[in-house]
>>> print(open('target.pdb').read())   # PDB, C-alpha atoms
ATOM      1  CA  CYS A 141     -20.260 -25.981   9.366
ATOM      2  CA  GLY A 142     -22.260 -27.549   6.555
ATOM      3  CA  VAL A 143     -21.396 -24.802   4.056
ATOM      4  CA  SER A 144     -20.899 -25.927   0.483
ATOM      5  CA  SER A 145     -17.387 -25.503  -0.904
ATOM      6  CA  HIS A 146     -18.979 -23.815  -3.926
ATOM      7  CA  LEU A 147     -21.245 -20.838  -3.441
ATOM      8  CA  THR A 148     -23.343 -19.455  -6.273
ATOM      9  CA  ALA A 149     -23.130 -15.687  -6.658
ATOM     10  CA  MET A 150     -26.531 -14.059  -6.834
ATOM     11  CA  LEU A 151     -25.684 -11.309  -9.307
ATOM     12  CA  ARG A 152     -27.952  -9.108 -11.361
ATOM     13  CA  PRO A 153     -27.547  -9.374 -15.157
ATOM     14  CA  ALA A 154     -25.402  -6.197 -15.361
ATOM     15  CA  GLU A 155     -23.139  -7.201 -12.429
ATOM     16  CA  ARG A 156     -19.850  -9.030 -12.812
ATOM     17  CA  LEU A 157     -17.797 -10.791 -10.180
ATOM     18  CA  GLU A 158     -14.158  -9.736 -10.158
ATOM     19  CA  GLU A 159     -11.493 -11.818  -8.474
ATOM     20  CA  ARG A 160      -7.924 -10.743  -7.838
ATOM     21  CA  MET A 161      -5.174 -12.554  -6.027
ATOM     22  CA  VAL A 162      -1.821 -11.126  -4.973
ATOM     23  CA  GLU A 163       1.092 -13.133  -3.684
ATOM     24  CA  ALA A 164       2.618 -11.049  -0.935
ATOM     25  CA  MET A 165       6.303 -10.466  -0.600
ATOM     26  CA  PRO A 166       7.778 -12.169   2.474
ATOM     27  CA  ALA A 167       8.347  -8.728   4.053
ATOM     28  CA  TRP A 168       4.611  -7.952   3.755
ATOM     29  CA  ARG A 169       3.743 -11.216   5.486
ATOM     30  CA  GLU A 170       6.194 -10.438   8.290
ATOM     31  CA  LEU A 171       4.569  -7.027   8.759
ATOM     32  CA  LEU A 172       0.989  -8.339   8.882
ATOM     33  CA  GLU A 173       2.060 -11.157  11.211
ATOM     34  CA  GLY A 174       3.576  -8.574  13.577
ATOM     35  CA  ARG A 175       7.171  -9.798  13.244
ATOM     36  CA  VAL A 176       8.408  -6.402  11.942
ATOM     37  CA  SER A 177       7.038  -2.884  12.470
ATOM     38  CA  ARG A 178       7.795  -1.493   8.994
ATOM     39  CA  THR A 179       8.894  -2.678   5.580
ATOM     40  CA  PRO A 180       9.811  -1.075   2.265
ATOM     41  CA  ALA A 181       6.925  -1.513  -0.171
ATOM     42  CA  TRP A 182       9.166  -3.023  -2.853
ATOM     43  CA  GLY A 183      11.171  -5.377  -0.697
ATOM     44  CA  ASP A 184      14.935  -5.308  -1.156
ATOM     45  CA  SER A 185      15.001  -2.992  -4.149
ATOM     46  CA  GLU A 186      17.458  -0.201  -4.782
ATOM     47  CA  ARG A 187      14.754   2.345  -3.893
ATOM     48  CA  SER A 188      14.426   0.964  -0.368
ATOM     49  CA  SER A 189      18.135   1.483   0.353
ATOM     50  CA  VAL A 190      17.911   5.284  -0.021
ATOM     51  CA  GLN A 191      18.134   7.066   3.335
ATOM     52  CA  ALA A 192      15.086   9.314   3.847
ATOM     53  CA  VAL A 193      15.312  12.591   5.761
ATOM     54  CA  GLY A 194      11.567  12.747   6.422
ATOM     55  CA  VAL A 195       8.359  10.728   6.446
ATOM     56  CA  PHE A 196       5.039  11.686   4.808
ATOM     57  CA  PRO A 197       2.276   9.489   6.282
ATOM     58  CA  GLY A 198      -1.136   8.981   4.705
ATOM     59  CA  SER A 199      -3.540   6.482   3.209
ATOM     60  CA  PHE A 200      -2.871   7.676  -0.372
ATOM     61  CA  ASN A 201      -6.126   6.177  -1.576
ATOM     62  CA  PRO A 202      -5.698   7.452  -4.192
ATOM     63  CA  LEU A 203      -2.372   9.234  -4.479
ATOM     64  CA  HIS A 204      -3.136  12.592  -6.119
ATOM     65  CA  ASP A 205      -1.401  15.766  -7.308
ATOM     66  CA  GLY A 206      -1.863  17.437  -3.902
ATOM     67  CA  HIS A 207       0.091  14.605  -2.254
ATOM     68  CA  ARG A 208       2.785  14.832  -4.924
ATOM     69  CA  ARG A 209       3.128  18.603  -4.466
ATOM     70  CA  MET A 210       3.325  18.340  -0.659
ATOM     71  CA  HIS A 211       5.932  15.600  -1.076
ATOM     72  CA  ALA A 212       8.010  17.743  -3.439
ATOM     73  CA  LEU A 213       7.823  20.723  -1.057
ATOM     74  CA  ALA A 214       8.849  18.558   1.910
ATOM     75  CA  GLN A 215      11.869  17.245   0.007
ATOM     76  CA  GLU A 216      12.813  20.783  -0.986
ATOM     77  CA  ARG A 217      12.539  22.092   2.582
ATOM     78  CA  LEU A 218      14.299  19.117   4.166
ATOM     79  CA  GLY A 219      16.990  18.894   1.494
ATOM     80  CA  GLY A 220      16.659  15.188   0.753
ATOM     81  CA  PRO A 221      14.367  12.272   0.029
ATOM     82  CA  VAL A 222      11.087  12.014   1.946
ATOM     83  CA  GLU A 223       9.503   8.599   2.319
ATOM     84  CA  PHE A 224       5.779   8.032   1.854
ATOM     85  CA  GLU A 225       4.354   5.886   4.672
ATOM     86  CA  ILE A 226       1.125   3.889   4.614
ATOM     87  CA  SER A 227      -0.132   2.292   7.816
ATOM     88  CA  VAL A 228      -1.695  -1.126   7.235
ATOM     89  CA  GLU A 229      -3.778  -0.766  10.411
ATOM     90  CA  ASN A 230      -5.821   2.309  11.282
ATOM     91  CA  VAL A 231      -8.254   2.786  14.161
ATOM     92  CA  GLY A 232     -11.840   2.242  13.042
ATOM     93  CA  LYS A 233     -10.858   0.663   9.723
ATOM     94  CA  LEU A 234     -10.135  -2.859   8.563
ATOM     95  CA  PRO A 235      -6.428  -3.637   8.072
ATOM     96  CA  LEU A 236      -5.141  -3.474   4.512
ATOM     97  CA  ASP A 237      -4.833  -6.854   2.832
ATOM     98  CA  TYR A 238      -2.256  -7.855   0.232
ATOM     99  CA  VAL A 239      -4.475  -6.706  -2.663
ATOM    100  CA  ASP A 240      -4.930  -3.285  -1.019
ATOM    101  CA  MET A 241      -1.196  -3.054  -0.377
ATOM    102  CA  ALA A 242      -0.388  -3.945  -3.994
ATOM    103  CA  ASN A 243      -2.927  -1.409  -5.302
ATOM    104  CA  ARG A 244      -1.542   1.372  -3.134
ATOM    105  CA  ALA A 245       2.094   0.548  -3.953
ATOM    106  CA  ALA A 246       1.354   0.484  -7.702
ATOM    107  CA  GLN A 247       0.576   4.228  -7.560
ATOM    108  CA  PHE A 248       4.160   5.040  -6.593
ATOM    109  CA  THR A 249       6.310   4.865  -9.701
ATOM    110  CA  ASP A 250       8.969   6.989  -8.043
ATOM    111  CA  GLY A 251       9.789   7.989  -4.526
ATOM    112  CA  LEU A 252      10.192   5.951  -1.382
ATOM    113  CA  LEU A 253       7.281   4.044   0.126
ATOM    114  CA  CYS A 254       7.067   1.945   3.253
ATOM    115  CA  PHE A 255       4.263   0.124   5.006
ATOM    116  CA  THR A 256       3.996   0.288   8.785
TER     117      THR A 256
END
>>> encode(input="target.pdb", output="structure tokens")
Amino acid sequence: CGVSSHLTAMLRPAERLEERMVEAMPAWRELLEGRVSRTPAWGDSERSSVQAVGVFPGSFNPLHDGHRRMHALAQERLGGPVEFEISVENVGKLPLDYVDMANRAAQFTDGLLCFT
């Protein structure tokens, strides 16, 4: 297309360009390629083998104390672990990319999380 392989960023003096790259787990690639419909956020970890009794869907961008409290109440009412669920594709929004997925997953230090 005649586009140079190196583009110069036209930034103001106070602006900085930030670059971040994430290598996706194979399960994330399978999900975004449509080969599976859901995947545990942490791959084949011990956390993903726990059987959930409920699902708490949301974007969790960011995860906050209200989400944590609703999650705790759901687990109390249902009597077992409740899995957080983040959809990688939502109507009217761009799909999450691997960086977005990694950022969202990093918020969950405990509890179950899956991407769908």
>>> closest_atom_pairs(input="target.pdb", of="stretch 176-254 of chain A", to="stretch 141-161 of chain A", cutoff="12 Å", atoms="only C-alpha atoms", output="CSV")
residue,atom,partner,partner_atom,distance
A:Asp237,CA,A:Met161,CA,10.5
A:Tyr238,CA,A:Met161,CA,8.4
A:Val239,CA,A:Met161,CA,6.8
A:Asp240,CA,A:Met161,CA,10.5
A:Met241,CA,A:Met161,CA,11.7
A:Ala242,CA,A:Met161,CA,10.1
A:Asn243,CA,A:Arg160,CA,10.9
>>> resolve_selection(input="target.pdb", expression="the PyMOL selection byres ((chain A and resi 178) around 9)", output="list of chain:residue names")
A:Ala167, A:Trp168, A:Leu171, A:Val176, A:Ser177, A:Thr179, A:Pro180, A:Ser227, A:Cys254, A:Phe255, A:Thr256
>>> atom_distance(input="target.pdb", atom1="atom CA of A:Glu225", atom2="atom CA of A:Val162")
20.5 Å
>>> residues_near_point(input="target.pdb", point="(-0.9, 2.1, -5.4)", cutoff="8 Å", atoms="only C-alpha atoms", output="ChimeraX atom specification")
/A:200-203,241-248
>>> closest_residue(input="target.pdb", among="A:Glu163, A:Glu170, A:Glu229, A:Asp250", to="A:His211", atoms="all atoms listed in the file")
A:Asp250
